[in-house]
>>> print(open('final.tsv').read())   # TSV, all heavy atoms
chain	number	residue	atom	x	y	z
A	1	MET	N	-5.94	-56.20	18.10
A	1	MET	CA	-6.99	-56.75	18.94
A	1	MET	C	-6.91	-58.27	19.01
A	1	MET	O	-7.20	-58.86	20.03
A	1	MET	CB	-8.34	-56.29	18.41
A	1	MET	CG	-9.49	-56.71	19.24
A	1	MET	SD	-9.42	-55.87	20.82
A	1	MET	CE	-10.92	-56.37	21.54
A	2	SER	N	-6.51	-58.91	17.92
A	2	SER	CA	-6.45	-60.37	17.93
A	2	SER	C	-5.37	-60.88	18.88
A	2	SER	O	-5.49	-61.98	19.42
A	2	SER	CB	-6.23	-60.91	16.53
A	2	SER	OG	-4.97	-60.49	16.04
A	3	ASN	N	-4.31	-60.09	19.11
A	3	ASN	CA	-3.29	-60.49	20.07
A	3	ASN	C	-3.86	-60.51	21.49
A	3	ASN	O	-3.49	-61.35	22.30
A	3	ASN	CB	-2.09	-59.55	20.02
A	3	ASN	CG	-1.24	-59.75	18.80
A	3	ASN	OD1	-1.51	-60.60	17.97
A	3	ASN	ND2	-0.20	-58.96	18.68
A	4	VAL	N	-4.76	-59.58	21.78
A	4	VAL	CA	-5.37	-59.53	23.11
A	4	VAL	C	-6.24	-60.76	23.32
A	4	VAL	O	-6.19	-61.41	24.38
A	4	VAL	CB	-6.21	-58.24	23.27
A	4	VAL	CG1	-6.93	-58.23	24.59
A	4	VAL	CG2	-5.31	-57.01	23.14
A	5	VAL	N	-7.02	-61.12	22.31
A	5	VAL	CA	-7.88	-62.30	22.40
A	5	VAL	C	-7.04	-63.57	22.51
A	5	VAL	O	-7.33	-64.45	23.32
A	5	VAL	CB	-8.84	-62.37	21.19
A	5	VAL	CG1	-9.62	-63.66	21.19
A	5	VAL	CG2	-9.77	-61.17	21.18
A	6	ALA	N	-5.99	-63.65	21.71
A	6	ALA	CA	-5.11	-64.82	21.76
A	6	ALA	C	-4.42	-64.92	23.11
A	6	ALA	O	-4.30	-66.02	23.67
A	6	ALA	CB	-4.07	-64.75	20.64
A	7	GLY	N	-3.98	-63.80	23.65
A	7	GLY	CA	-3.34	-63.81	24.97
A	7	GLY	C	-4.30	-64.23	26.06
A	7	GLY	O	-3.95	-65.00	26.95
A	8	GLY	N	-5.52	-63.73	26.00
A	8	GLY	CA	-6.54	-64.12	26.98
A	8	GLY	C	-6.88	-65.60	26.88
A	8	GLY	O	-7.04	-66.29	27.89
A	9	SER	N	-6.97	-66.10	25.66
A	9	SER	CA	-7.25	-67.53	25.46
A	9	SER	C	-6.11	-68.39	25.98
A	9	SER	O	-6.33	-69.44	26.59
A	9	SER	CB	-7.46	-67.83	23.97
A	9	SER	OG	-8.56	-67.13	23.49
A	10	LEU	N	-4.89	-67.95	25.75
A	10	LEU	CA	-3.73	-68.67	26.26
A	10	LEU	C	-3.72	-68.68	27.79
A	10	LEU	O	-3.42	-69.70	28.41
A	10	LEU	CB	-2.44	-68.04	25.72
A	10	LEU	CG	-1.16	-68.77	26.04
A	10	LEU	CD1	-1.17	-70.16	25.43
A	10	LEU	CD2	0.03	-67.98	25.54
A	11	GLY	N	-4.07	-67.55	28.40
A	11	GLY	CA	-4.17	-67.50	29.85
A	11	GLY	C	-5.23	-68.44	30.40
A	11	GLY	O	-5.02	-69.11	31.41
A	12	GLY	N	-6.37	-68.51	29.72
A	12	GLY	CA	-7.42	-69.44	30.13
A	12	GLY	C	-7.00	-70.88	30.01
A	12	GLY	O	-7.26	-71.71	30.90
A	13	ALA	N	-6.33	-71.21	28.91
A	13	ALA	CA	-5.84	-72.58	28.72
A	13	ALA	C	-4.79	-72.93	29.78
A	13	ALA	O	-4.76	-74.05	30.29
A	13	ALA	CB	-5.27	-72.73	27.33
A	14	LEU	N	-3.95	-71.97	30.11
A	14	LEU	CA	-2.93	-72.20	31.13
A	14	LEU	C	-3.56	-72.45	32.50
A	14	LEU	O	-3.10	-73.31	33.24
A	14	LEU	CB	-1.99	-70.99	31.18
A	14	LEU	CG	-0.77	-71.12	32.08
A	14	LEU	CD1	0.11	-72.27	31.64
A	14	LEU	CD2	0.02	-69.82	32.06
A	15	SER	N	-4.63	-71.75	32.81
A	15	SER	CA	-5.29	-71.97	34.11
A	15	SER	C	-5.92	-73.36	34.17
A	15	SER	O	-5.86	-74.02	35.22
A	15	SER	CB	-6.33	-70.89	34.37
A	15	SER	OG	-7.44	-71.05	33.53
A	16	VAL	N	-6.48	-73.82	33.07
A	16	VAL	CA	-7.04	-75.18	33.02
A	16	VAL	C	-5.92	-76.20	33.20
A	16	VAL	O	-6.06	-77.17	33.95
A	16	VAL	CB	-7.80	-75.43	31.70
A	16	VAL	CG1	-8.15	-76.88	31.53
A	16	VAL	CG2	-9.04	-74.57	31.65
A	17	LEU	N	-4.79	-75.97	32.54
A	17	LEU	CA	-3.65	-76.89	32.65
A	17	LEU	C	-3.10	-76.93	34.07
A	17	LEU	O	-2.80	-78.00	34.60
A	17	LEU	CB	-2.56	-76.46	31.66
A	17	LEU	CG	-1.35	-77.37	31.56
A	17	LEU	CD1	-1.76	-78.73	31.01
A	17	LEU	CD2	-0.31	-76.75	30.67
A	18	ILE	N	-2.99	-75.78	34.72
A	18	ILE	CA	-2.48	-75.73	36.10
A	18	ILE	C	-3.45	-76.46	37.04
A	18	ILE	O	-3.02	-77.22	37.92
A	18	ILE	CB	-2.27	-74.28	36.55
A	18	ILE	CG1	-1.08	-73.67	35.80
A	18	ILE	CG2	-2.04	-74.19	38.05
A	18	ILE	CD1	-0.92	-72.18	36.01
A	19	THR	N	-4.74	-76.23	36.86
A	19	THR	CA	-5.74	-76.91	37.71
A	19	THR	C	-5.66	-78.42	37.53
A	19	THR	O	-5.67	-79.17	38.51
A	19	THR	CB	-7.16	-76.40	37.37
A	19	THR	OG1	-7.19	-74.99	37.51
A	19	THR	CG2	-8.19	-77.01	38.28
A	20	TRP	N	-5.57	-78.87	36.29
A	20	TRP	CA	-5.48	-80.30	36.00
A	20	TRP	C	-4.19	-80.90	36.57
A	20	TRP	O	-4.21	-81.97	37.19
A	20	TRP	CB	-5.53	-80.50	34.48
A	20	TRP	CG	-5.26	-81.91	34.06
A	20	TRP	CD1	-6.13	-82.96	34.09
A	20	TRP	CD2	-4.03	-82.41	33.54
A	20	TRP	NE1	-5.51	-84.08	33.64
A	20	TRP	CE2	-4.22	-83.77	33.28
A	20	TRP	CE3	-2.79	-81.83	33.28
A	20	TRP	CZ2	-3.21	-84.57	32.77
A	20	TRP	CZ3	-1.79	-82.62	32.76
A	20	TRP	CH2	-2.00	-83.98	32.51
A	21	ALA	N	-3.06	-80.21	36.38
A	21	ALA	CA	-1.77	-80.74	36.85
A	21	ALA	C	-1.72	-80.79	38.37
A	21	ALA	O	-1.18	-81.75	38.94
A	21	ALA	CB	-0.63	-79.88	36.31
A	22	SER	N	-2.29	-79.80	39.04
A	22	SER	CA	-2.26	-79.83	40.50
A	22	SER	C	-3.10	-80.97	41.05
A	22	SER	O	-2.75	-81.59	42.05
A	22	SER	CB	-2.73	-78.50	41.08
A	22	SER	OG	-4.11	-78.32	40.87
A	23	LYS	N	-4.17	-81.28	40.35
A	23	LYS	CA	-5.01	-82.39	40.79
A	23	LYS	C	-4.35	-83.73	40.49
A	23	LYS	O	-4.37	-84.64	41.32
A	23	LYS	CB	-6.38	-82.31	40.09
A	23	LYS	CG	-7.41	-83.22	40.67
A	23	LYS	CD	-8.76	-82.93	40.05
A	23	LYS	CE	-9.85	-83.53	40.89
A	23	LYS	NZ	-11.17	-83.14	40.43
A	24	LEU	N	-3.74	-83.85	39.34
A	24	LEU	CA	-3.17	-85.13	38.92
A	24	LEU	C	-1.84	-85.43	39.62
A	24	LEU	O	-1.65	-86.53	40.15
A	24	LEU	CB	-2.95	-85.12	37.40
A	24	LEU	CG	-2.43	-86.42	36.80
A	24	LEU	CD1	-3.50	-87.51	36.90
A	24	LEU	CD2	-2.04	-86.20	35.36
A	25	PHE	N	-0.94	-84.46	39.64
A	25	PHE	CA	0.41	-84.72	40.15
A	25	PHE	C	0.57	-84.45	41.64
A	25	PHE	O	1.34	-85.13	42.32
A	25	PHE	CB	1.44	-83.91	39.36
A	25	PHE	CG	1.50	-84.27	37.92
A	25	PHE	CD1	1.19	-83.34	36.94
A	25	PHE	CD2	1.85	-85.55	37.52
A	25	PHE	CE1	1.25	-83.67	35.60
A	25	PHE	CE2	1.90	-85.89	36.19
A	25	PHE	CZ	1.60	-84.96	35.23
A	26	PHE	N	-0.12	-83.46	42.16
A	26	PHE	CA	0.06	-83.09	43.56
A	26	PHE	C	-1.12	-83.52	44.43
A	26	PHE	O	-1.11	-83.26	45.63
A	26	PHE	CB	0.28	-81.57	43.68
A	26	PHE	CG	1.44	-81.08	42.88
A	26	PHE	CD1	1.25	-80.19	41.84
A	26	PHE	CD2	2.72	-81.52	43.15
A	26	PHE	CE1	2.31	-79.74	41.08
A	26	PHE	CE2	3.80	-81.07	42.41
A	26	PHE	CZ	3.59	-80.18	41.37
A	27	HIS	N	-2.13	-84.14	43.81
A	27	HIS	CA	-3.33	-84.61	44.52
A	27	HIS	C	-3.95	-83.48	45.34
A	27	HIS	O	-4.40	-83.68	46.46
A	27	HIS	CB	-3.00	-85.81	45.41
A	27	HIS	CG	-2.35	-86.92	44.65
A	27	HIS	ND1	-3.03	-87.67	43.72
A	27	HIS	CD2	-1.08	-87.38	44.65
A	27	HIS	CE1	-2.21	-88.57	43.20
A	27	HIS	NE2	-1.02	-88.40	43.74
A	28	TYR	N	-3.93	-82.29	44.77
A	28	TYR	CA	-4.50	-81.11	45.41
A	28	TYR	C	-5.72	-80.67	44.61
A	28	TYR	O	-5.61	-80.28	43.45
A	28	TYR	CB	-3.47	-79.97	45.49
A	28	TYR	CG	-4.04	-78.68	46.02
A	28	TYR	CD1	-4.44	-78.57	47.34
A	28	TYR	CD2	-4.18	-77.57	45.19
A	28	TYR	CE1	-4.96	-77.39	47.83
A	28	TYR	CE2	-4.71	-76.38	45.68
A	28	TYR	CZ	-5.09	-76.31	46.99
A	28	TYR	OH	-5.61	-75.14	47.48
A	29	ASP	N	-6.87	-80.78	45.22
A	29	ASP	CA	-8.11	-80.36	44.56
A	29	ASP	C	-8.38	-78.91	44.94
A	29	ASP	O	-8.75	-78.61	46.06
A	29	ASP	CB	-9.26	-81.26	45.00
A	29	ASP	CG	-10.47	-81.10	44.12
A	29	ASP	OD1	-10.36	-80.46	43.06
A	29	ASP	OD2	-11.54	-81.62	44.49
A	30	MET	N	-8.15	-78.02	43.98
A	30	MET	CA	-8.31	-76.59	44.24
A	30	MET	C	-9.76	-76.24	44.53
A	30	MET	O	-10.66	-76.77	43.89
A	30	MET	CB	-7.87	-75.83	42.98
A	30	MET	CG	-6.68	-74.96	43.16
A	30	MET	SD	-6.35	-74.07	41.65
A	30	MET	CE	-4.79	-74.80	41.24
A	31	GLU	N	-9.95	-75.36	45.47
A	31	GLU	CA	-11.30	-74.87	45.72
A	31	GLU	C	-11.75	-74.05	44.52
A	31	GLU	O	-10.93	-73.45	43.82
A	31	GLU	CB	-11.32	-74.01	46.98
A	31	GLU	CG	-11.02	-74.79	48.24
A	31	GLU	CD	-11.12	-73.91	49.46
A	31	GLU	OE1	-11.86	-72.92	49.43
A	31	GLU	OE2	-10.44	-74.25	50.44
A	32	SER	N	-13.05	-74.02	44.28
A	32	SER	CA	-13.55	-73.33	43.09
A	32	SER	C	-13.24	-71.84	43.11
A	32	SER	O	-12.99	-71.24	42.07
A	32	SER	CB	-15.05	-73.57	42.93
A	32	SER	OG	-15.75	-73.04	44.03
A	33	GLU	N	-13.23	-71.25	44.30
A	33	GLU	CA	-12.91	-69.82	44.39
A	33	GLU	C	-11.47	-69.55	43.98
A	33	GLU	O	-11.18	-68.56	43.31
A	33	GLU	CB	-13.14	-69.30	45.82
A	33	GLU	CG	-14.58	-69.29	46.25
A	33	GLU	CD	-15.03	-70.62	46.84
A	33	GLU	OE1	-14.20	-71.55	46.93
A	33	GLU	OE2	-16.21	-70.73	47.20
A	34	VAL	N	-10.57	-70.42	44.40
A	34	VAL	CA	-9.16	-70.27	44.06
A	34	VAL	C	-8.96	-70.47	42.56
A	34	VAL	O	-8.26	-69.69	41.90
A	34	VAL	CB	-8.29	-71.26	44.86
A	34	VAL	CG1	-6.84	-71.21	44.42
A	34	VAL	CG2	-8.40	-71.00	46.34
A	35	ALA	N	-9.59	-71.49	42.00
A	35	ALA	CA	-9.46	-71.76	40.57
A	35	ALA	C	-10.05	-70.61	39.75
A	35	ALA	O	-9.48	-70.22	38.72
A	35	ALA	CB	-10.15	-73.08	40.22
A	36	SER	N	-11.17	-70.06	40.19
A	36	SER	CA	-11.79	-68.94	39.47
A	36	SER	C	-10.91	-67.70	39.51
A	36	SER	O	-10.72	-67.03	38.49
A	36	SER	CB	-13.15	-68.61	40.07
A	36	SER	OG	-14.04	-69.67	39.90
A	37	ALA	N	-10.37	-67.41	40.68
A	37	ALA	CA	-9.49	-66.24	40.80
A	37	ALA	C	-8.24	-66.40	39.94
A	37	ALA	O	-7.81	-65.46	39.28
A	37	ALA	CB	-9.11	-66.02	42.26
A	38	MET	N	-7.67	-67.60	39.94
A	38	MET	CA	-6.49	-67.86	39.12
A	38	MET	C	-6.83	-67.70	37.64
A	38	MET	O	-6.06	-67.10	36.88
A	38	MET	CB	-5.95	-69.27	39.39
A	38	MET	CG	-4.72	-69.60	38.58
A	38	MET	SD	-4.15	-71.27	38.80
A	38	MET	CE	-5.53	-72.21	38.19
A	39	SER	N	-7.97	-68.21	37.22
A	39	SER	CA	-8.38	-68.09	35.82
A	39	SER	C	-8.53	-66.63	35.40
A	39	SER	O	-8.04	-66.23	34.34
A	39	SER	CB	-9.70	-68.82	35.58
A	39	SER	OG	-9.54	-70.19	35.77
A	40	VAL	N	-9.20	-65.86	36.23
A	40	VAL	CA	-9.41	-64.44	35.91
A	40	VAL	C	-8.07	-63.72	35.80
A	40	VAL	O	-7.84	-62.94	34.87
A	40	VAL	CB	-10.33	-63.78	36.96
A	40	VAL	CG1	-10.31	-62.27	36.83
A	40	VAL	CG2	-11.73	-64.32	36.84
A	41	MET	N	-7.18	-63.98	36.74
A	41	MET	CA	-5.87	-63.31	36.72
A	41	MET	C	-5.05	-63.72	35.50
A	41	MET	O	-4.44	-62.87	34.84
A	41	MET	CB	-5.09	-63.63	38.00
A	41	MET	CG	-5.65	-62.96	39.23
A	41	MET	SD	-5.75	-61.17	39.10
A	41	MET	CE	-4.05	-60.74	38.90
A	42	LEU	N	-5.03	-65.01	35.17
A	42	LEU	CA	-4.23	-65.46	34.02
A	42	LEU	C	-4.82	-64.95	32.70
A	42	LEU	O	-4.07	-64.61	31.78
A	42	LEU	CB	-4.11	-66.98	34.01
A	42	LEU	CG	-3.18	-67.55	35.08
A	42	LEU	CD1	-3.24	-69.07	35.09
A	42	LEU	CD2	-1.75	-67.08	34.86
A	43	ILE	N	-6.15	-64.89	32.59
A	43	ILE	CA	-6.76	-64.34	31.38
A	43	ILE	C	-6.43	-62.86	31.25
A	43	ILE	O	-6.09	-62.37	30.16
A	43	ILE	CB	-8.29	-64.60	31.38
A	43	ILE	CG1	-8.56	-66.09	31.19
A	43	ILE	CG2	-8.99	-63.77	30.32
A	43	ILE	CD1	-9.99	-66.49	31.43
A	44	ALA	N	-6.51	-62.13	32.37
A	44	ALA	CA	-6.19	-60.70	32.35
A	44	ALA	C	-4.72	-60.46	32.00
A	44	ALA	O	-4.39	-59.59	31.19
A	44	ALA	CB	-6.52	-60.07	33.69
A	45	ILE	N	-3.83	-61.25	32.58
A	45	ILE	CA	-2.40	-61.10	32.29
A	45	ILE	C	-2.11	-61.46	30.84
A	45	ILE	O	-1.34	-60.78	30.15
A	45	ILE	CB	-1.56	-61.96	33.26
A	45	ILE	CG1	-1.63	-61.36	34.67
A	45	ILE	CG2	-0.11	-62.06	32.80
A	45	ILE	CD1	-1.07	-62.25	35.75
A	46	GLY	N	-2.75	-62.52	30.34
A	46	GLY	CA	-2.57	-62.89	28.94
A	46	GLY	C	-3.06	-61.81	27.99
A	46	GLY	O	-2.41	-61.50	26.99
A	47	GLY	N	-4.22	-61.21	28.30
A	47	GLY	CA	-4.73	-60.12	27.47
A	47	GLY	C	-3.83	-58.90	27.51
A	47	GLY	O	-3.61	-58.23	26.50
A	48	TRP	N	-3.28	-58.61	28.69
A	48	TRP	CA	-2.37	-57.47	28.84
A	48	TRP	C	-1.09	-57.70	28.04
A	48	TRP	O	-0.62	-56.79	27.35
A	48	TRP	CB	-2.06	-57.28	30.33
A	48	TRP	CG	-1.11	-56.18	30.61
A	48	TRP	CD1	-1.34	-54.84	30.48
A	48	TRP	CD2	0.23	-56.30	31.09
A	48	TRP	NE1	-0.21	-54.13	30.85
A	48	TRP	CE2	0.75	-55.01	31.23
A	48	TRP	CE3	1.02	-57.40	31.42
A	48	TRP	CZ2	2.06	-54.79	31.68
A	48	TRP	CZ3	2.31	-57.18	31.88
A	48	TRP	CH2	2.80	-55.87	31.99
A	49	ILE	N	-0.54	-58.90	28.10
A	49	ILE	CA	0.66	-59.22	27.31
A	49	ILE	C	0.34	-59.13	25.82
A	49	ILE	O	1.13	-58.64	25.02
A	49	ILE	CB	1.22	-60.60	27.70
A	49	ILE	CG1	1.81	-60.53	29.10
A	49	ILE	CG2	2.27	-61.06	26.70
A	49	ILE	CD1	2.21	-61.87	29.68
A	50	GLY	N	-0.86	-59.62	25.44
A	50	GLY	CA	-1.27	-59.50	24.04
A	50	GLY	C	-1.38	-58.06	23.60
A	50	GLY	O	-1.01	-57.71	22.47
A	51	LYS	N	-1.86	-57.20	24.48
A	51	LYS	CA	-1.97	-55.78	24.14
A	51	LYS	C	-0.58	-55.15	23.98
A	51	LYS	O	-0.34	-54.31	23.11
A	51	LYS	CB	-2.75	-55.03	25.22
A	51	LYS	CG	-2.99	-53.59	24.89
A	51	LYS	CD	-3.88	-52.92	25.90
A	51	LYS	CE	-4.09	-51.48	25.49
A	51	LYS	NZ	-5.00	-50.79	26.36
A	52	LEU	N	0.36	-55.56	24.82
A	52	LEU	CA	1.73	-55.04	24.74
A	52	LEU	C	2.42	-55.45	23.43
A	52	LEU	O	3.26	-54.73	22.93
A	52	LEU	CB	2.57	-55.51	25.92
A	52	LEU	CG	2.24	-54.91	27.28
A	52	LEU	CD1	3.12	-55.54	28.35
A	52	LEU	CD2	2.41	-53.41	27.27
A	53	THR	N	2.05	-56.63	22.93
A	53	THR	CA	2.70	-57.12	21.71
A	53	THR	C	1.98	-56.71	20.44
A	53	THR	O	2.44	-57.04	19.35
A	53	THR	CB	2.80	-58.66	21.74
A	53	THR	OG1	1.50	-59.22	21.85
A	53	THR	CG2	3.64	-59.13	22.92
A	54	THR	N	0.88	-55.97	20.55
A	54	THR	CA	0.15	-55.49	19.37
A	54	THR	C	0.87	-54.24	18.83
A	54	THR	O	1.12	-53.30	19.57
A	54	THR	CB	-1.30	-55.13	19.74
A	54	THR	OG1	-1.92	-56.27	20.29
A	54	THR	CG2	-2.06	-54.66	18.51
A	55	PRO	N	1.19	-54.24	17.53
A	55	PRO	CA	1.83	-53.05	16.95
A	55	PRO	C	0.91	-51.82	17.07
A	55	PRO	O	-0.31	-51.93	17.06
A	55	PRO	CB	2.03	-53.42	15.48
A	55	PRO	CG	1.94	-54.91	15.43
A	55	PRO	CD	1.06	-55.32	16.56
A	56	ALA	N	1.53	-50.66	17.16
A	56	ALA	CA	0.77	-49.42	17.34
A	56	ALA	C	-0.12	-49.09	16.15
A	56	ALA	O	-1.09	-48.36	16.29
A	56	ALA	CB	1.75	-48.27	17.61
A	57	SER	N	0.17	-49.60	14.97
A	57	SER	CA	-0.60	-49.26	13.78
A	57	SER	C	-1.97	-49.95	13.75
A	57	SER	O	-2.80	-49.60	12.95
A	57	SER	CB	0.19	-49.64	12.53
A	57	SER	OG	0.40	-51.05	12.49
A	58	GLN	N	-2.19	-50.92	14.61
A	58	GLN	CA	-3.48	-51.63	14.57
A	58	GLN	C	-4.49	-50.90	15.36
A	58	GLN	O	-4.75	-50.73	16.37
A	58	GLN	CB	-3.32	-53.05	15.05
A	58	GLN	CG	-2.59	-53.90	14.04
A	58	GLN	CD	-2.56	-55.37	14.47
A	58	GLN	OE1	-2.96	-55.73	15.55
A	58	GLN	NE2	-2.06	-56.19	13.58
>>> encode(input="final.tsv", output="structure tokens")
Amino acid sequence: MSNVVAGGSLGGALSVLITWASKLFFHYDMESEVASAMSVMLIAIGGWIGKLTTPASQ
């Protein structure tokens, strides 16, 4: 279970980093709907990857 939480947290951090980098380097201010959708998708993908990497015995 901790791998799922860690994966979700990593996905959330990645979405914050992408939003920040797009604003700083590409001068693109993402709409809130786009940023929210990206965050939800990256958190879900991170949790899914965390679930895949969790050993079956847990």
>>> residues_around(input="final.tsv", residues="range 10-27 of chain A", least_positions_apart="4", cutoff="4 Å", atoms="all heavy atoms", output="ChimeraX atom specification")
/A:6,38-39,42-43
>>> select_by_dssp(input="final.tsv", residues="range 3-58 of chain A", states="helix (DSSP H, G or I)", output="PyMOL selection string")
chain A and resi 3-25+32-52
>>> atom_distance(input="final.tsv", atom1="CB of Val4 in chain A", atom2="CA of Pro55 in chain A")
11.5 Å
>>> atom_distance(input="final.tsv", atom1="atom N of Gly8 in chain A", atom2="CE of Lys51 in chain A")
12.3 Å
>>> atom_distance(input="final.tsv", atom1="atom N of Ser32 in chain A", atom2="CA of Ser9 in chain A")
20.7 Å
>>> decode(input="final.tsv", residues="range 13-40 of chain A", atoms="N, CA and C atoms", output="compact mmCIF listing (two decimals), in the first residue's frame")
# COMPACT_ATOMS: atom_id res chain seq x y z
N ALA A 13 3.66 15.54 -7.36
CA ALA A 13 4.83 16.41 -7.42
C ALA A 13 5.24 16.67 -8.87
N LEU A 14 5.13 15.66 -9.70
CA LEU A 14 5.47 15.82 -11.12
C LEU A 14 4.52 16.80 -11.80
N SER A 15 3.26 16.77 -11.45
CA SER A 15 2.31 17.71 -12.06
C SER A 15 2.62 19.15 -11.64
N VAL A 16 3.01 19.35 -10.39
CA VAL A 16 3.40 20.68 -9.93
C VAL A 16 4.64 21.15 -10.69
N LEU A 17 5.60 20.25 -10.85
CA LEU A 17 6.84 20.59 -11.57
C LEU A 17 6.56 20.94 -13.03
N ILE A 18 5.69 20.18 -13.69
CA ILE A 18 5.35 20.46 -15.09
C ILE A 18 4.64 21.81 -15.21
N THR A 19 3.72 22.08 -14.30
CA THR A 19 3.00 23.36 -14.32
C THR A 19 3.97 24.52 -14.13
N TRP A 20 4.88 24.40 -13.17
CA TRP A 20 5.87 25.44 -12.90
C TRP A 20 6.80 25.64 -14.09
N ALA A 21 7.29 24.53 -14.67
CA ALA A 21 8.24 24.62 -15.79
C ALA A 21 7.58 25.22 -17.02
N SER A 22 6.32 24.87 -17.27
CA SER A 22 5.66 25.44 -18.45
C SER A 22 5.46 26.94 -18.30
N LYS A 23 5.22 27.37 -17.08
CA LYS A 23 5.05 28.80 -16.85
C LYS A 23 6.38 29.53 -16.92
N LEU A 24 7.42 28.95 -16.37
CA LEU A 24 8.72 29.62 -16.30
C LEU A 24 9.45 29.60 -17.64
N PHE A 25 9.53 28.44 -18.27
CA PHE A 25 10.35 28.30 -19.46
C PHE A 25 9.60 28.57 -20.77
N PHE A 26 8.34 28.22 -20.82
CA PHE A 26 7.59 28.37 -22.07
C PHE A 26 6.60 29.53 -22.02
N HIS A 27 6.54 30.23 -20.87
CA HIS A 27 5.64 31.37 -20.68
C HIS A 27 4.20 31.00 -21.03
N TYR A 28 3.84 29.78 -20.67
CA TYR A 28 2.49 29.28 -20.90
C TYR A 28 1.80 29.10 -19.56
N ASP A 29 0.78 29.89 -19.34
CA ASP A 29 0.02 29.79 -18.10
C ASP A 29 -1.15 28.84 -18.33
N MET A 30 -1.03 27.64 -17.77
CA MET A 30 -2.04 26.61 -17.97
C MET A 30 -3.37 27.02 -17.34
N GLU A 31 -4.44 26.72 -18.03
CA GLU A 31 -5.75 26.96 -17.44
C GLU A 31 -5.93 26.00 -16.27
N SER A 32 -6.73 26.41 -15.30
CA SER A 32 -6.89 25.59 -14.10
C SER A 32 -7.50 24.23 -14.40
N GLU A 33 -8.39 24.19 -15.39
CA GLU A 33 -9.00 22.91 -15.75
C GLU A 33 -7.97 21.94 -16.31
N VAL A 34 -7.07 22.46 -17.13
CA VAL A 34 -6.02 21.63 -17.72
C VAL A 34 -5.06 21.15 -16.64
N ALA A 35 -4.66 22.05 -15.75
CA ALA A 35 -3.74 21.68 -14.67
C ALA A 35 -4.39 20.65 -13.74
N SER A 36 -5.67 20.81 -13.45
CA SER A 36 -6.37 19.86 -12.58
C SER A 36 -6.46 18.48 -13.22
N ALA A 37 -6.82 18.46 -14.50
CA ALA A 37 -6.92 17.18 -15.20
C ALA A 37 -5.57 16.48 -15.27
N MET A 38 -4.51 17.25 -15.53
CA MET A 38 -3.17 16.68 -15.58
C MET A 38 -2.78 16.12 -14.21
N SER A 39 -3.09 16.85 -13.15
CA SER A 39 -2.76 16.39 -11.80
C SER A 39 -3.47 15.08 -11.47
N VAL A 40 -4.75 15.02 -11.78
CA VAL A 40 -5.52 13.80 -11.49
C VAL A 40 -4.95 12.62 -12.26
